[in-house]
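Asks: Contents of upload-v6.txt (compact mmCIF, C-alpha atoms and all ligand atoms):
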# COMPACT_ATOMS: atom_id res chain seq x y z
CA MET A 1 44.50 255.09 245.65
CA VAL A 2 41.33 256.71 244.35
CA TRP A 3 40.26 259.86 246.06
CA PRO A 4 36.54 260.50 246.52
CA LEU A 5 35.12 263.16 244.27
CA PRO A 6 34.63 266.44 246.14
CA GLN A 7 31.05 267.38 246.76
CA ARG A 8 29.84 270.23 244.64
CA SER A 9 27.61 272.69 246.41
CA LYS A 10 24.18 273.08 244.82
CA ARG A 11 24.71 276.75 244.20
CA GLN A 12 27.75 276.18 241.97
CA PRO A 13 27.01 276.12 238.25
CA ALA A 14 27.85 273.18 236.00
CA PRO A 15 31.63 272.64 235.41
CA GLU A 16 31.62 273.98 231.82
CA HIS A 17 30.52 277.36 233.09
CA ASP A 18 32.72 277.42 236.18
CA ALA A 19 34.91 280.38 236.78
CA PRO A 20 38.24 278.68 237.63
CA ALA A 21 38.53 280.41 240.99
CA ALA A 22 35.19 279.03 242.09
CA ALA A 23 36.21 275.39 241.64
CA PRO A 24 36.55 273.40 244.85
CA ARG A 25 40.07 272.21 245.71
CA LEU A 26 40.79 268.54 245.09
CA ASN A 27 42.33 266.97 248.13
CA LEU A 28 45.44 265.52 246.45
CA THR A 29 48.63 264.44 248.16
CA GLN A 30 50.43 264.01 244.88
CA ARG A 31 50.15 266.59 242.15
CA LEU A 32 52.49 265.37 239.43
CA ARG A 33 52.16 268.67 237.62
CA ARG A 34 54.12 270.42 240.39
CA ASN A 35 57.38 269.07 239.03
CA ARG A 36 56.45 270.30 235.55
CA LYS A 37 55.52 273.86 236.47
CA ALA A 38 58.56 275.56 234.91
CA ASP A 39 61.44 274.79 232.63
CA TRP A 40 64.00 274.75 235.46
CA THR A 41 62.15 272.05 237.40
CA ARG A 42 61.41 270.02 234.29
CA ARG A 43 65.15 270.02 233.65
CA LEU A 44 65.85 268.88 237.21
CA VAL A 45 63.51 265.89 237.08
CA ARG A 46 64.31 264.85 233.51
CA GLU A 47 65.13 261.13 233.39
CA ASN A 48 66.75 260.82 229.96
CA THR A 49 68.87 263.23 227.99
CA LEU A 50 69.77 263.14 224.35
CA THR A 51 73.21 264.46 223.50
CA THR A 52 75.32 264.61 220.36
CA ASP A 53 77.43 261.82 221.90
CA ASP A 54 74.49 259.49 221.23
CA LEU A 55 74.49 259.96 217.46
CA ILE A 56 75.95 258.06 214.52
CA TRP A 57 75.45 259.61 211.12
CA PRO A 58 74.88 257.21 208.20
CA ILE A 59 75.98 258.63 204.84
CA PHE A 60 75.72 257.34 201.28
CA LEU A 61 78.69 257.28 198.93
CA CYS A 62 78.89 257.57 195.16
CA GLU A 63 81.65 257.82 192.56
CA GLY A 64 82.84 261.15 191.19
CA GLU A 65 84.20 264.44 192.40
CA ASN A 66 82.27 267.27 194.01
CA ALA A 67 79.25 265.07 193.46
CA ARG A 68 76.14 265.32 195.58
CA GLU A 69 73.22 263.31 194.23
CA PRO A 70 69.86 263.85 195.90
CA VAL A 71 67.91 260.80 197.06
CA ALA A 72 64.32 261.52 196.10
CA SER A 73 62.71 259.53 198.90
CA MET A 74 65.00 261.05 201.55
CA PRO A 75 64.64 264.86 201.52
CA SER A 76 67.96 266.65 202.27
CA VAL A 77 69.95 263.41 202.01
CA GLU A 78 72.46 263.16 199.18
CA ARG A 79 74.90 260.53 198.00
CA LEU A 80 78.37 262.01 198.37
CA SER A 81 81.51 261.48 196.35
CA ILE A 82 84.54 260.73 198.50
CA ASP A 83 85.80 264.34 198.61
CA GLU A 84 82.34 265.46 199.73
CA ALA A 85 82.22 262.62 202.26
CA VAL A 86 85.49 263.88 203.72
CA ARG A 87 83.87 267.32 204.08
CA ALA A 88 80.87 265.69 205.77
CA ALA A 89 83.25 263.86 208.10
CA ALA A 90 84.93 267.13 209.05
CA GLU A 91 81.51 268.65 209.69
CA ALA A 92 80.54 265.67 211.85
CA ALA A 93 83.71 266.04 213.90
CA LYS A 94 83.09 269.76 214.31
CA LEU A 95 79.55 269.09 215.50
CA GLY A 96 80.82 266.52 217.99
CA ILE A 97 79.19 263.52 216.30
CA PRO A 98 81.33 260.52 217.38
CA ALA A 99 81.04 258.35 214.25
CA LEU A 100 79.86 257.97 210.67
CA ALA A 101 78.37 254.86 209.06
CA LEU A 102 79.21 254.40 205.39
CA PHE A 103 76.93 252.93 202.71
CA PRO A 104 77.97 252.75 199.06
CA PHE A 105 75.99 253.17 195.87
CA THR A 106 77.91 250.66 193.77
CA GLU A 107 78.03 251.30 190.04
CA PRO A 108 75.54 248.87 188.45
CA SER A 109 78.25 247.51 186.12
CA LEU A 110 80.23 246.36 189.19
CA ARG A 111 77.38 244.35 190.69
CA ASN A 112 77.34 240.61 190.09
CA GLU A 113 76.07 237.31 191.48
CA GLN A 114 79.08 236.82 193.79
CA ALA A 115 79.28 240.42 195.02
CA SER A 116 82.97 240.41 194.14
CA GLU A 117 83.23 244.20 194.39
CA ALA A 118 82.68 243.81 198.16
CA LEU A 119 86.15 242.26 198.32
CA ASN A 120 87.89 244.85 196.14
CA PRO A 121 90.41 246.67 198.36
CA ASN A 122 89.77 249.76 196.24
CA ASN A 123 86.01 249.71 196.34
CA LEU A 124 84.13 252.89 197.18
CA VAL A 125 83.80 252.16 200.90
CA CYS A 126 87.49 251.29 201.32
CA ARG A 127 88.65 254.40 199.45
CA ALA A 128 86.30 256.52 201.54
CA CYS A 129 87.59 254.96 204.77
CA ARG A 130 91.19 255.73 203.87
CA ALA A 131 90.39 259.28 202.76
CA ILE A 132 88.35 260.08 205.87
CA LYS A 133 90.87 258.48 208.23
CA ARG A 134 93.61 260.57 206.64
CA GLU A 135 91.75 263.88 207.07
CA VAL A 136 89.64 263.29 210.18
CA PRO A 137 91.48 260.59 212.13
CA ASN A 138 89.55 260.91 215.37
CA LEU A 139 86.14 260.26 213.88
CA GLY A 140 84.83 256.69 214.29
CA LEU A 141 84.02 254.82 211.08
CA VAL A 142 81.34 252.14 210.93
CA THR A 143 81.20 249.98 207.81
CA ASP A 144 78.33 247.79 206.79
CA VAL A 145 78.96 244.10 206.20
CA ALA A 146 76.34 242.66 203.86
CA LEU A 147 76.40 241.96 200.16
CA ASP A 148 73.29 243.78 198.95
CA PRO A 149 74.96 246.88 197.48
CA TYR A 150 77.21 244.55 195.47
CA THR A 151 74.92 241.76 194.24
CA SER A 152 73.09 241.89 190.92
CA HIS A 153 69.98 240.53 192.68
CA GLY A 154 70.02 242.93 195.66
CA HIS A 155 70.12 240.26 198.35
CA ASP A 156 72.48 240.36 201.31
CA GLY A 157 73.86 236.91 200.54
CA ILE A 158 74.89 234.45 197.89
CA LEU A 159 71.93 233.06 196.00
CA ARG A 160 71.37 229.55 194.63
CA GLY A 161 68.10 229.40 192.77
CA ALA A 162 65.79 231.30 195.08
CA ARG A 163 67.71 230.34 198.25
CA ILE A 164 70.10 232.61 200.15
CA LEU A 165 72.94 230.33 201.18
CA ASN A 166 74.01 230.89 204.77
CA ASP A 167 77.45 229.39 205.23
CA GLU A 168 78.72 230.31 201.76
CA THR A 169 77.62 233.89 202.46
CA VAL A 170 79.36 233.98 205.85
CA PHE A 171 82.58 232.94 204.16
CA VAL A 172 82.37 236.00 201.88
CA LEU A 173 81.30 238.30 204.73
CA VAL A 174 84.47 237.49 206.66
CA GLU A 175 86.51 238.55 203.63
CA GLN A 176 84.41 241.69 203.26
CA ALA A 177 84.96 242.57 206.92
CA LEU A 178 88.72 242.06 206.60
CA ASN A 179 88.78 244.19 203.47
CA GLN A 180 87.11 247.02 205.42
CA ALA A 181 89.33 246.59 208.49
CA ARG A 182 92.42 246.84 206.31
CA ALA A 183 91.06 250.13 204.95
CA GLY A 184 90.76 251.54 208.45
CA ALA A 185 87.20 250.78 209.56
CA ASP A 186 86.87 251.02 213.34
CA ILE A 187 83.58 249.19 213.72
CA ILE A 188 82.46 246.33 211.53
CA ALA A 189 78.68 246.20 211.38
CA PRO A 190 77.19 243.02 209.93
CA SER A 191 73.63 243.80 208.80
CA ASP A 192 73.02 240.65 206.77
CA MET A 193 71.28 238.45 209.40
CA MET A 194 73.11 235.25 208.39
CA ASP A 195 73.57 232.75 211.22
CA GLY A 196 77.04 232.49 212.70
CA ARG A 197 78.56 235.52 211.00
CA VAL A 198 79.56 237.38 214.15
CA GLY A 199 81.71 234.51 215.43
CA ALA A 200 83.25 233.94 212.00
CA ILE A 201 84.04 237.65 211.54
CA ARG A 202 85.53 237.88 215.06
CA ALA A 203 87.79 234.90 214.35
CA GLY A 204 88.78 236.35 210.97
CA LEU A 205 89.61 239.75 212.45
CA ASP A 206 91.60 238.27 215.33
CA ALA A 207 93.59 236.06 212.98
CA GLU A 208 94.79 239.23 211.22
CA ASN A 209 95.53 241.09 214.45
CA PHE A 210 92.47 243.30 214.22
CA GLU A 211 91.54 242.45 217.80
CA ASP A 212 90.74 246.14 218.49
CA VAL A 213 88.21 246.39 215.68
CA GLN A 214 84.73 246.34 217.22
CA ILE A 215 81.75 244.38 215.98
CA LEU A 216 78.40 246.18 216.02
CA SER A 217 75.95 243.44 215.22
CA TYR A 218 72.61 244.21 213.62
CA ALA A 219 71.40 241.50 215.98
CA ALA A 220 67.65 241.97 215.72
CA LYS A 221 66.94 243.22 212.25
CA TYR A 222 63.42 242.90 210.95
CA ALA A 223 62.14 242.37 207.40
CA SER A 224 60.72 245.88 207.25
CA ALA A 225 58.90 248.11 204.81
CA PHE A 226 60.74 251.04 206.39
CA TYR A 227 63.94 250.29 204.45
CA GLY A 228 62.42 251.44 201.15
CA PRO A 229 64.16 254.82 200.83
CA PHE A 230 67.54 253.29 201.80
CA ARG A 231 67.15 250.86 198.92
CA ASP A 232 66.64 253.85 196.62
CA ALA A 233 69.79 255.41 198.00
CA VAL A 234 72.00 252.36 197.43
CA GLY A 235 70.17 251.33 194.27
CA THR A 236 68.82 247.98 195.39
CA ASN A 237 65.11 248.70 194.93
CA ALA A 238 65.82 248.42 191.24
CA THR A 239 67.58 245.08 191.57
CA LEU A 240 65.96 243.26 194.49
CA ILE A 241 64.19 240.06 193.54
CA GLY A 242 61.58 238.99 196.09
CA ASP A 243 61.97 239.93 199.75
CA LYS A 244 64.32 239.28 202.67
CA ARG A 245 61.99 237.31 204.92
CA THR A 246 64.10 234.14 204.96
CA TYR A 247 66.87 235.96 206.80
CA GLN A 248 65.50 239.16 208.33
CA MET A 249 63.10 238.74 211.26
CA ASP A 250 59.34 238.54 211.26
CA PRO A 251 57.97 241.85 212.66
CA ALA A 252 55.52 239.81 214.77
CA ASN A 253 58.28 238.31 216.95
CA SER A 254 60.09 239.53 220.03
CA ASP A 255 61.30 236.47 222.02
CA GLU A 256 63.19 235.53 218.88
CA ALA A 257 65.00 238.87 218.99
CA LEU A 258 66.39 237.92 222.40
CA ARG A 259 67.66 234.64 220.97
CA GLU A 260 69.33 236.49 218.11
CA VAL A 261 71.00 238.89 220.52
CA ALA A 262 72.06 236.09 222.89
CA GLN A 263 73.78 234.30 220.03
CA ASP A 264 75.59 237.39 218.78
CA VAL A 265 76.78 238.26 222.29
CA GLU A 266 78.08 234.73 222.73
CA GLU A 267 79.85 234.95 219.36
CA GLY A 268 81.66 238.11 220.38
CA ALA A 269 79.55 241.13 219.43
CA ASP A 270 80.73 244.26 221.24
CA ILE A 271 77.53 246.19 220.59
CA VAL A 272 74.12 244.98 219.51
CA MET A 273 71.60 246.84 217.40
CA VAL A 274 67.86 246.77 216.91
CA LYS A 275 66.45 247.87 213.56
CA PRO A 276 64.15 249.59 212.60
CA GLY A 277 63.83 251.95 215.54
CA LEU A 278 60.63 253.64 216.63
CA PRO A 279 58.26 250.78 215.70
CA TYR A 280 60.52 248.43 217.71
CA LEU A 281 61.08 250.32 220.97
CA ASP A 282 59.75 247.31 222.90
CA ILE A 283 62.56 245.21 221.44
CA ILE A 284 65.19 247.79 222.41
CA PHE A 285 63.77 247.81 225.93
CA ARG A 286 63.81 244.02 226.28
CA VAL A 287 67.29 243.68 224.80
CA LYS A 288 68.76 246.34 227.09
CA GLU A 289 67.04 244.89 230.16
CA ARG A 290 68.05 241.32 229.46
CA PHE A 291 71.65 241.73 228.34
CA GLY A 292 72.83 245.10 229.61
CA MET A 293 74.94 245.31 226.47
CA PRO A 294 75.75 248.53 224.65
CA THR A 295 72.56 248.68 222.60
CA PHE A 296 72.14 250.84 219.53
CA ALA A 297 69.03 251.60 217.54
CA TYR A 298 68.72 252.45 213.85
CA GLN A 299 66.18 255.12 213.00
CA VAL A 300 65.91 253.86 209.45
CA SER A 301 65.32 255.59 206.16
CA GLY A 302 61.53 255.16 206.17
CA GLU A 303 61.28 256.68 209.63
CA TYR A 304 63.38 259.60 208.44
CA ALA A 305 61.25 259.99 205.31
CA MET A 306 58.03 260.09 207.32
CA ILE A 307 59.28 262.83 209.63
CA MET A 308 60.72 264.86 206.77
CA ALA A 309 57.69 264.49 204.51
CA ALA A 310 55.24 265.51 207.21
CA ALA A 311 57.47 268.42 208.26
CA GLU A 312 57.81 269.61 204.66
CA ARG A 313 54.03 269.80 204.41
CA GLY A 314 53.83 271.67 207.68
CA TRP A 315 51.87 268.81 209.24
CA ILE A 316 54.30 268.38 212.11
CA ASP A 317 57.10 270.48 213.58
CA GLY A 318 60.08 268.63 212.14
CA ASP A 319 62.64 269.72 214.75
CA LYS A 320 60.38 268.82 217.64
CA ALA A 321 59.42 265.48 216.12
CA MET A 322 63.12 264.79 215.54
CA LEU A 323 64.16 265.46 219.14
CA GLU A 324 61.14 263.66 220.55
CA SER A 325 61.76 260.55 218.47
CA LEU A 326 65.46 260.48 219.35
CA THR A 327 64.74 260.98 223.05
CA ALA A 328 62.26 258.08 222.86
CA PHE A 329 65.15 255.81 221.85
CA LYS A 330 67.08 256.88 224.94
CA ARG A 331 64.04 256.28 227.15
CA ALA A 332 63.66 252.77 225.70
CA GLY A 333 67.25 252.02 226.66
CA ALA A 334 69.30 252.73 223.53
CA ASP A 335 72.83 253.97 224.15
CA ALA A 336 73.24 255.42 220.68
CA ILE A 337 71.16 255.96 217.57
CA LEU A 338 72.06 255.71 213.92
CA THR A 339 70.05 258.45 212.28
CA TYR A 340 70.10 260.49 209.09
CA LEU A 341 69.00 263.35 211.33
CA ALA A 342 72.34 263.30 213.19
CA PRO A 343 73.79 266.59 211.86
CA ARG A 344 70.45 268.37 212.15
CA ALA A 345 69.96 267.07 215.71
CA ALA A 346 73.54 267.96 216.69
CA LYS A 347 72.99 271.54 215.48
CA ARG A 348 69.71 271.86 217.36
CA LEU A 349 71.22 270.43 220.52
CA THR A 350 74.07 272.92 220.32
CA GLU A 351 71.65 275.82 219.80
CA MET A 352 69.61 274.68 222.79
CA ALA A 353 72.59 274.21 225.13
C1 LIG A 401 71.44 246.20 204.00
C2 LIG A 401 70.98 247.29 204.87
C3 LIG A 401 69.70 247.85 204.85
C4 LIG A 401 69.71 248.89 205.74
C5 LIG A 401 70.98 248.96 206.32
N1 LIG A 401 71.76 247.95 205.77
C6 LIG A 401 68.54 247.54 204.00
C7 LIG A 401 68.04 246.18 203.88
O1 LIG A 401 68.28 245.31 204.72
O2 LIG A 401 67.38 245.95 202.86
C8 LIG A 401 68.52 249.78 205.98
C9 LIG A 401 68.80 251.12 206.53
C10 LIG A 401 67.71 252.09 206.34
O3 LIG A 401 66.60 251.79 205.88
O4 LIG A 401 67.96 253.26 206.68
N2 LIG A 401 72.06 245.13 204.54
Mind turning this structure into structure tokens?

Replies:
Amino acid sequence: MVWPLPQRSKRQPAPEHDAPAAAPRLNLTQRLRRNRKADWTRRLVRENTLTTDDLIWPIFLCEGENAREPVASMPSVERLSIDEAVRAAAEAAKLGIPALALFPFTEPSLRNEQASEALNPNNLVCRACRAIKREVPNLGLVTDVALDPYTSHGHDGILRGARILNDETVFVLVEQALNQARAGADIIAPSDMMDGRVGAIRAGLDAENFEDVQILSYAAKYASAFYGPFRDAVGTNATLIGDKRTYQMDPANSDEALREVAQDVEEGADIVMVKPGLPYLDIIFRVKERFGMPTFAYQVSGEYAMIMAAAERGWIDGDKAMLESLTAFKRAGADAILTYLAPRAAKRLTEMA
């Protein structure tokens, strides 16, 4: 309903020069600002709340001891040797962060065409899983299933010529998932976007009595420019030939995301994920509405880099931008968020409580 404009008496000056008290009252039934007038009422009417329970912290692993290697394109993010990763895990548990996601920087000499290091029971991720489970048993561990940190060409699958082979790749992914489950991973997270991998991994896990291991499917993962800093962190920018557009989704599509999610749900995914995050809030919203599944979002490396870079220059308030962006995920319907900001956000949320 549109209310008629109040009549201004001729003796009143133009609005720019009005003394506030002289302004005529608008005849409004609803004044939405009433509920915003003070912090206590804003808290009462708040629709979505971000808590530390909503956060998963992705960390990068490297070989060595007491090693922390900075990632240039991700300010304050470092690759951690396993002993440092265990310390990070203890910190996460202390902060109340429910789970970590592990990503390895594989030594270049161990990368090859078949990604055989992905199947090594003593690879970096498996050793880290065992070490963290030993020291911090109640922290959830998410491991990434995809071959890109292990292939010499930086693709997530097995390559023939310029083609990424689907079914041959899925065969290897099942073995990779089992390798991680045997090392103690709680959640297997296929991020490769091959067709049929969720069903194949579920069958593989069940056949080895890992029926309690969850599958977090990167169900709608887009071929995105926002993964650039991550590829620095795991060393695939240097190796990647071409792009990932034959398996990751076209950023122009959204109906297709629902088909991807539908398939993964049917194949046995426990949780579905949309990635990247903030540029794809519409996808998160549609996925949550349509399926009502536990739906996670990944605030990816490029999103992190943008916030951090602008904050470093003093162009935005980093803490505020962090909490606002994470709350936006909740508003869109995400249940949890993978974010490199997890420890920072957890600390802020504790200070604010
Ligand atoms: C690889 C993988 C990627 C990310 C998570 N797993 C990169 C890619 O697909 O090239 C990106 C995460 C980020 O950018 O933070 N399967």

Asks: Provide the CA of Val45 (chain A) to CA of Leu26 (chain A) distance in Å, to one decimal place.

Replies: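 CA of Leu26 (chain A) lies at a distance of 24.2 Å from CA of Val45 (chain A).
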
Asks: Of the candidates A:Asp319, A:Ala200, A:Phe296, A:Gly314, which shows the shortest atom-to-atom distance to Leu341 (chain A), using all atoms listed in the file?

Replies: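 Closest to Leu341 (chain A), using all atoms listed in the file: A:Asp319.
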
Asks: Hey, can you check how far CA of Ile132 (chain A) sits from CA of Val86 (chain A)?

Replies: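 CA of Val86 (chain A) lies 5.2 Å from CA of Ile132 (chain A).
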
Asks: Just checking: using all atoms listed in the file, which residue out of A:Arg313, A:Arg160, A:His155, A:Arg33 ends up closest to ligand LIG 401 (chain A)?

Replies: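 For ligand LIG 401 (chain A), the nearest of the candidates is A:His155.
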
Asks: Skipping near chain neighbours, those fewer than 5 positions away, what residues fall within 12 Å of Gln214 (chain A) using only C-alpha atoms, listed as a JSON list (two decimals) with C-alpha atoms, in the frame of the given file?

Replies:
[["chain", "number", "residue", "atom", "x", "y", "z"],
["A", 140, "GLY", "CA", 84.83, 256.69, 214.29],
["A", 141, "LEU", "CA", 84.02, 254.82, 211.08],
["A", 142, "VAL", "CA", 81.34, 252.14, 210.93],
["A", 143, "THR", "CA", 81.20, 249.98, 207.81],
["A", 177, "ALA", "CA", 84.96, 242.57, 206.92],
["A", 181, "ALA", "CA", 89.33, 246.59, 208.49],
["A", 184, "GLY", "CA", 90.76, 251.54, 208.45],
["A", 185, "ALA", "CA", 87.20, 250.78, 209.56],
["A", 186, "ASP", "CA", 86.87, 251.02, 213.34],
["A", 187, "ILE", "CA", 83.58, 249.19, 213.72],
["A", 188, "ILE", "CA", 82.46, 246.33, 211.53],
["A", 189, "ALA", "CA", 78.68, 246.20, 211.38],
["A", 190, "PRO", "CA", 77.19, 243.02, 209.93],
["A", 198, "VAL", "CA", 79.56, 237.38, 214.15],
["A", 201, "ILE", "CA", 84.04, 237.65, 211.54],
["A", 202, "ARG", "CA", 85.53, 237.88, 215.06],
["A", 205, "LEU", "CA", 89.61, 239.75, 212.45],
["A", 206, "ASP", "CA", 91.60, 238.27, 215.33],
["A", 268, "GLY", "CA", 81.66, 238.11, 220.38],
["A", 269, "ALA", "CA", 79.55, 241.13, 219.43],
["A", 270, "ASP", "CA", 80.73, 244.26, 221.24],
["A", 271, "ILE", "CA", 77.53, 246.19, 220.59],
["A", 272, "VAL", "CA", 74.12, 244.98, 219.51],
["A", 294, "PRO", "CA", 75.75, 248.53, 224.65]]

Asks: Which residues are near ligand LIG 401 (chain A) - at most 9 Å, using all atoms listed in the file? Format: as a ChimeraX atom specification.

Replies: /A:58,103,144-149,154-156,190-193,218,221-231,234,236-237,240,243-244,248,275-276,298-304,338-340

Asks: Would you mind listing what lies within 12 Å of Ser116 (chain A) as a PDB file with C-alpha atoms, in the coordinates of the input, with all atoms listed in the file counted and same-chain residues fewer than 3 positions away left out?

Replies:
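This went into part.pdb:
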ATOM      1  CA  THR A 106      77.910 250.660 193.770  1.00  0.00           C
ATOM      2  CA  SER A 109      78.250 247.510 186.120  1.00  0.00           C
ATOM      3  CA  LEU A 110      80.230 246.360 189.190  1.00  0.00           C
ATOM      4  CA  ARG A 111      77.380 244.350 190.690  1.00  0.00           C
ATOM      5  CA  ASN A 112      77.340 240.610 190.090  1.00  0.00           C
ATOM      6  CA  GLU A 113      76.070 237.310 191.480  1.00  0.00           C
ATOM      7  CA  LEU A 119      86.150 242.260 198.320  1.00  0.00           C
ATOM      8  CA  ASN A 120      87.890 244.850 196.140  1.00  0.00           C
ATOM      9  CA  PRO A 121      90.410 246.670 198.360  1.00  0.00           C
ATOM     10  CA  ASN A 122      89.770 249.760 196.240  1.00  0.00           C
ATOM     11  CA  ASN A 123      86.010 249.710 196.340  1.00  0.00           C
ATOM     12  CA  ALA A 146      76.340 242.660 203.860  1.00  0.00           C
ATOM     13  CA  LEU A 147      76.400 241.960 200.160  1.00  0.00           C
ATOM     14  CA  ASP A 148      73.290 243.780 198.950  1.00  0.00           C
ATOM     15  CA  PRO A 149      74.960 246.880 197.480  1.00  0.00           C
ATOM     16  CA  TYR A 150      77.210 244.550 195.470  1.00  0.00           C
ATOM     17  CA  THR A 151      74.920 241.760 194.240  1.00  0.00           C
ATOM     18  CA  SER A 152      73.090 241.890 190.920  1.00  0.00           C
ATOM     19  CA  GLY A 157      73.860 236.910 200.540  1.00  0.00           C
ATOM     20  CA  ILE A 158      74.890 234.450 197.890  1.00  0.00           C
ATOM     21  CA  THR A 169      77.620 233.890 202.460  1.00  0.00           C
ATOM     22  CA  VAL A 172      82.370 236.000 201.880  1.00  0.00           C
ATOM     23  CA  LEU A 173      81.300 238.300 204.730  1.00  0.00           C
ATOM     24  CA  GLU A 175      86.510 238.550 203.630  1.00  0.00           C
ATOM     25  CA  GLN A 176      84.410 241.690 203.260  1.00  0.00           C
ATOM     26  CA  ASN A 179      88.780 244.190 203.470  1.00  0.00           C
TER      27      ASN A 179
END

Asks: Which is closest to Glu256 (chain A) among A:Thr295, A:Val287, A:Ala99, A:Asp39, if we use all atoms listed in the file?

Replies: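 Closest to Glu256 (chain A) of all the choices is A:Val287.
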
Asks: Rounded to one decimal place, report the CA of Arg43 (chain A)-CA of Phe285 (chain A) distance in Å.

Replies: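 It comes out at 23.6 Å.
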
Asks: If I only have part of region 200-220 of chain A, can you fill in N, CA and C atoms and write it as a compact mmCIF listing (two decimals), in the frame of the given file?

Replies:
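result17.txt, freshly written:
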# COMPACT_ATOMS: atom_id res chain seq x y z
N ALA A 200 82.31 234.13 213.11
CA ALA A 200 83.25 233.94 212.00
C ALA A 200 84.03 235.23 211.73
N ILE A 201 83.36 236.37 211.79
CA ILE A 201 84.04 237.65 211.54
C ILE A 201 85.03 237.93 212.67
N ARG A 202 84.61 237.66 213.92
CA ARG A 202 85.53 237.88 215.06
C ARG A 202 86.80 237.05 214.88
N ALA A 203 86.63 235.78 214.53
CA ALA A 203 87.79 234.90 214.35
C ALA A 203 88.67 235.41 213.21
N GLY A 204 88.03 235.83 212.12
CA GLY A 204 88.78 236.35 210.97
C GLY A 204 89.56 237.61 211.34
N LEU A 205 88.94 238.51 212.05
CA LEU A 205 89.61 239.75 212.45
C LEU A 205 90.78 239.44 213.39
N ASP A 206 90.54 238.58 214.36
CA ASP A 206 91.60 238.27 215.33
C ASP A 206 92.80 237.61 214.66
N ALA A 207 92.50 236.76 213.67
CA ALA A 207 93.59 236.06 212.98
C ALA A 207 94.49 237.04 212.23
N GLU A 208 93.96 238.22 211.90
CA GLU A 208 94.79 239.23 211.22
C GLU A 208 95.19 240.36 212.16
N ASN A 209 95.14 240.10 213.44
CA ASN A 209 95.53 241.09 214.45
C ASN A 209 94.66 242.33 214.48
N PHE A 210 93.41 242.18 214.09
CA PHE A 210 92.47 243.30 214.22
C PHE A 210 91.65 243.12 215.49
N GLU A 211 92.32 242.74 216.59
CA GLU A 211 91.54 242.45 217.80
C GLU A 211 90.90 243.72 218.39
N ASP A 212 91.36 244.91 217.98
CA ASP A 212 90.74 246.14 218.49
C ASP A 212 89.57 246.63 217.62
N VAL A 213 89.35 245.98 216.51
CA VAL A 213 88.21 246.39 215.68
C VAL A 213 86.93 245.84 216.30
N GLN A 214 85.97 246.74 216.55
CA GLN A 214 84.73 246.34 217.22
C GLN A 214 83.74 245.70 216.23
N ILE A 215 82.87 244.90 216.78
CA ILE A 215 81.75 244.38 215.98
C ILE A 215 80.44 244.92 216.55
N LEU A 216 79.75 245.68 215.70
CA LEU A 216 78.40 246.18 216.02
C LEU A 216 77.46 245.29 215.23
N SER A 217 76.80 244.38 215.93
CA SER A 217 75.95 243.44 215.22
C SER A 217 74.54 243.99 215.07
N TYR A 218 74.05 244.00 213.81
CA TYR A 218 72.61 244.21 213.62
C TYR A 218 71.98 242.90 214.08
N ALA A 219 71.77 242.80 215.40
CA ALA A 219 71.40 241.50 215.98
C ALA A 219 69.94 241.19 215.72
N ALA A 220 69.07 242.17 215.96
CA ALA A 220 67.65 241.97 215.72
C ALA A 220 67.24 242.92 214.61
